[in-house]
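**Q** Handing you this structure, nothing more for now.
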Amino acid sequence: MKGLEELKDKIHEILPDLDLVIGWEQGYDGLHATPLFIKTPEDVDRLIIGPLCVHNLATYLPGLKDKKVGVIVKGCDSRAVIELLQEKLINKDNVVILGLTCDGVINLTKLGRKIGSLGAVDDVKVEGEKLNVVIGDQQHNIAFSEVKQDKCENCIYPNALVFDHFIGEPVDRVENVGAEHQSLSDFEGKSFDQRFAFWKHEMSRCIRCHACRNACPMCVCRDHCVAMTRNPHWLSQENNVAENWMFQMIHVMHLTGRCVECGECERACPMDIPLMLLRRQMNRGVREVFDYEAGIDAQNRPPLLTFKVEEDNISEREW
Amino acid sequence: MPVYDGKELRIVGFLCNWCSYGGADTAGVARFHQATDLRIIRVPCSGRIDPLFILKAFQGGAAGVLVSGCHPRDCHYAEGNYYARRRLELLKRFLPVTGIDPERFEYTWVSASEGPRWQHVVQTFTDRIHKLGPAPLLSEPLTDAEMVEFQRQVEAGRGCGCHI
Ligand code: SF4
Ligand code: SF4
């Protein structure tokens, strides 16, 4: 990500007309960024951009629908903004989009496995393809590509797809990456029984903190989520495998044709449950059947909100 | 009739009121011989079927789930089954990643006059599920000892074990 000074100048320019601008600032240590809500010109100084800026800030937009908001987006984040526009969940007149170009963000879990502990990191610097992590008087040099988020490994949209102001120069679209992440075909090496047992185990670890839902830019129902209702009673308060599994099924079904594969659900999960496998599988179906990707064009109609009398890729179910 | 282990399996069917439920009725009135594993849930339209209904049935241990609605172009509400078709097709393609064999789920179209076709659908699907056997379970059923304890609590006349 480049163009911090250009970005700051732009924010100074547009801030007077806005209620706030959402960006990132350094968190409680050298390793964590945290969302920053810029309301005054002084706040702008705290802004950072770079590989620590993992959060998809589009998640905040539906909750701030009635405010004039500026939002800083990477390529993947911009797809969430587009999907929100597609579904008329936000009003374009109230949003100013500051688009970035991105060369990947860090997966803290992967980094933790490399350096042992994430406890006391003082500083993280990226120099080209090298990541330099400073912990006290120790230095770790790690290849950036080894600790990037999964979604960055097959990212085909590094530049913001929608913007009012583009910061920096767009980078070339990466070639030779599949639309689908490798992990899904790897997972298909398992038999059905193994997959079922895999999810039983993973769901036994879920603590139902709802972080996956709350981090998701497309989960806009918030307190009205069906997982919470008593009537119909989709889920009990019990924390067991069957209920946790059902909670995930609700998330995936309600994201059908809407999920922009931003990976926020999996990133937010404190138990590191590989939730993206489920989302990727559903998105594969959406691509195959409807030749469609969510969050690419604000004029597109989400596939489940329409139909064709003769579907192109669904064979009639005659027995 | 093929029978798994001498037992019926639990198969759940979601049928639309106007076509497939009528079709099942036609088959019944004509006294067609059918497998009896299927438990039918009548819904107003296949468009009313939330894919979560189907997943909820699997969560509860259903060995198979069958959805049947009006033929395309024949929906009582004109276009409900077109929306249903999209949802159900995506659900079927999603199931493999969960480890639930997608063969355990099927959707099809049967009209109210197609009694023989309904018989064929039920029999074919039931045979298929019997080949696959009972579904893998997310939660283990109660053991005999737990059942005895459960019964003891019920007989004690209180809803929950904490207050016995
Ligand atoms: S389900 Fe996960 S990957 Fe999809 S939009 Fe929500 S947070 Fe992003
Ligand atoms: S974030 Fe992880 S632990 Fe929390 S509810 Fe979601 S899957 Fe479960």
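Following the order of the structure tokens, chains are lettered A, B, ..., residues in each are numbered from 1, and ligands are numbered from 1.
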Give me, as a PyMOL selection string, the residues of chain B touching chain A, with the criterion being at most 8 Å (counting only C-alpha atoms).

**A** chain B and resi 51-52+55-56+59+72-73+82-83+86-87+89-91+93-94+96-101+107-109+121+136+138-139

**Q** Could you give me the residues within region 109-149 of chain B that DSSP places in helix (DSSP H, G or I), as a list in words?

**A**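 Across region 109-149 of chain B, those assigned helix (DSSP H, G or I) are Gly115, Pro116, Arg117, Trp118, Gln119, His120, Val121, Val122, Gln123, Thr124, Phe125, Thr126, Asp127, Arg128, Ile129, His130, Lys131, Leu132, Asp144, Ala145, Glu146, Met147, Val148 and Glu149 of chain B.
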
**Q** Let me see if you get this right: every residue at most 7 Å from ligand 1, counting only C-alpha atoms and all ligand atoms, written as a PyMOL selection string.

**A** chain A and resi 80+212+215-219+251-252+255+258-266+276+279

**Q** Could the residues that lie within 7 Å of ligand 2, counting only C-alpha atoms and all ligand atoms, be listed as a PyMOL selection string?

**A** chain A and resi 205-213+244+265-266+268-273+275

**Q** Report as a tab-separated table (two decimals) with C-alpha atoms, in the first residue's frame all protein, DNA and RNA residues lying within 6 Å of region 146-150 of chain A, evaluated on only C-alpha atoms, omitting residues in the same chain fewer than 3 positions from it.

**A**
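Wrote around17.tsv, looks like this:
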chain	number	residue	atom	x	y	z
A	105	VAL	CA	-1.95	-8.03	4.38
A	106	ILE	CA	-0.59	-10.12	7.22
A	107	ASN	CA	-2.20	-13.18	8.71
A	110	LYS	CA	0.61	-17.60	10.29
A	111	LEU	CA	3.07	-15.08	11.71
A	143	ALA	CA	9.34	-13.81	3.61
A	153	GLU	CA	-2.47	-15.58	-2.32

**Q** Give the answer as one residue: which of A:Ala120, A:Ile135, A:Val171, A:Ile97 has the shortest atom-to-atom distance to Tyr157 (chain A), using only C-alpha atoms?

**A**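 That would be A:Val171, the residue with the smallest distance to Tyr157 (chain A).
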
**Q** Env of Gly28 (chain B): 12 Å cut, atoms = only C-alpha atoms, seq-sep filter 5 positions within chain, self excluded. Answer as a list in words.

**A**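 My list of contacting residues is Tyr21, Gly22, Gly23, His33, Gln34, Ala35, Thr36, Ala112, Ser113, Glu114, Gly115, Pro116, Trp118 and Gln119 of chain B.
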
**Q** For a quick check of understanding, using only C-alpha atoms, which of B:Asn17, B:Ala78, B:Ala57, B:Val65 has the smallest distance to Val110 (chain B)?

**A**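 Checking each of B:Asn17, B:Ala78, B:Ala57, B:Val65 against Val110 (chain B), counting only C-alpha atoms, the winner is B:Asn17.
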
**Q** Neighbouring residues of Leu15 (chain A) were defined as those with any atom within 12 Å, considering only C-alpha atoms; residues of the same chain fewer than 3 positions away were excluded. Please report them as a list of chain:residue names.

**A**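 Near neighbours after the sequence-gap exclusion: A:Leu7, A:Lys8, A:Asp9, A:Lys10, A:Ile11, A:His12, A:Leu18, A:Asp19, A:Leu20, A:Val21, A:Ile22, A:Phe37, A:Ile38, A:Lys39, A:Thr40, A:Pro41, A:Glu42, A:Asp43, A:Val44, A:Lys68, A:Val69, A:Gly70, A:Val71, A:Val96.
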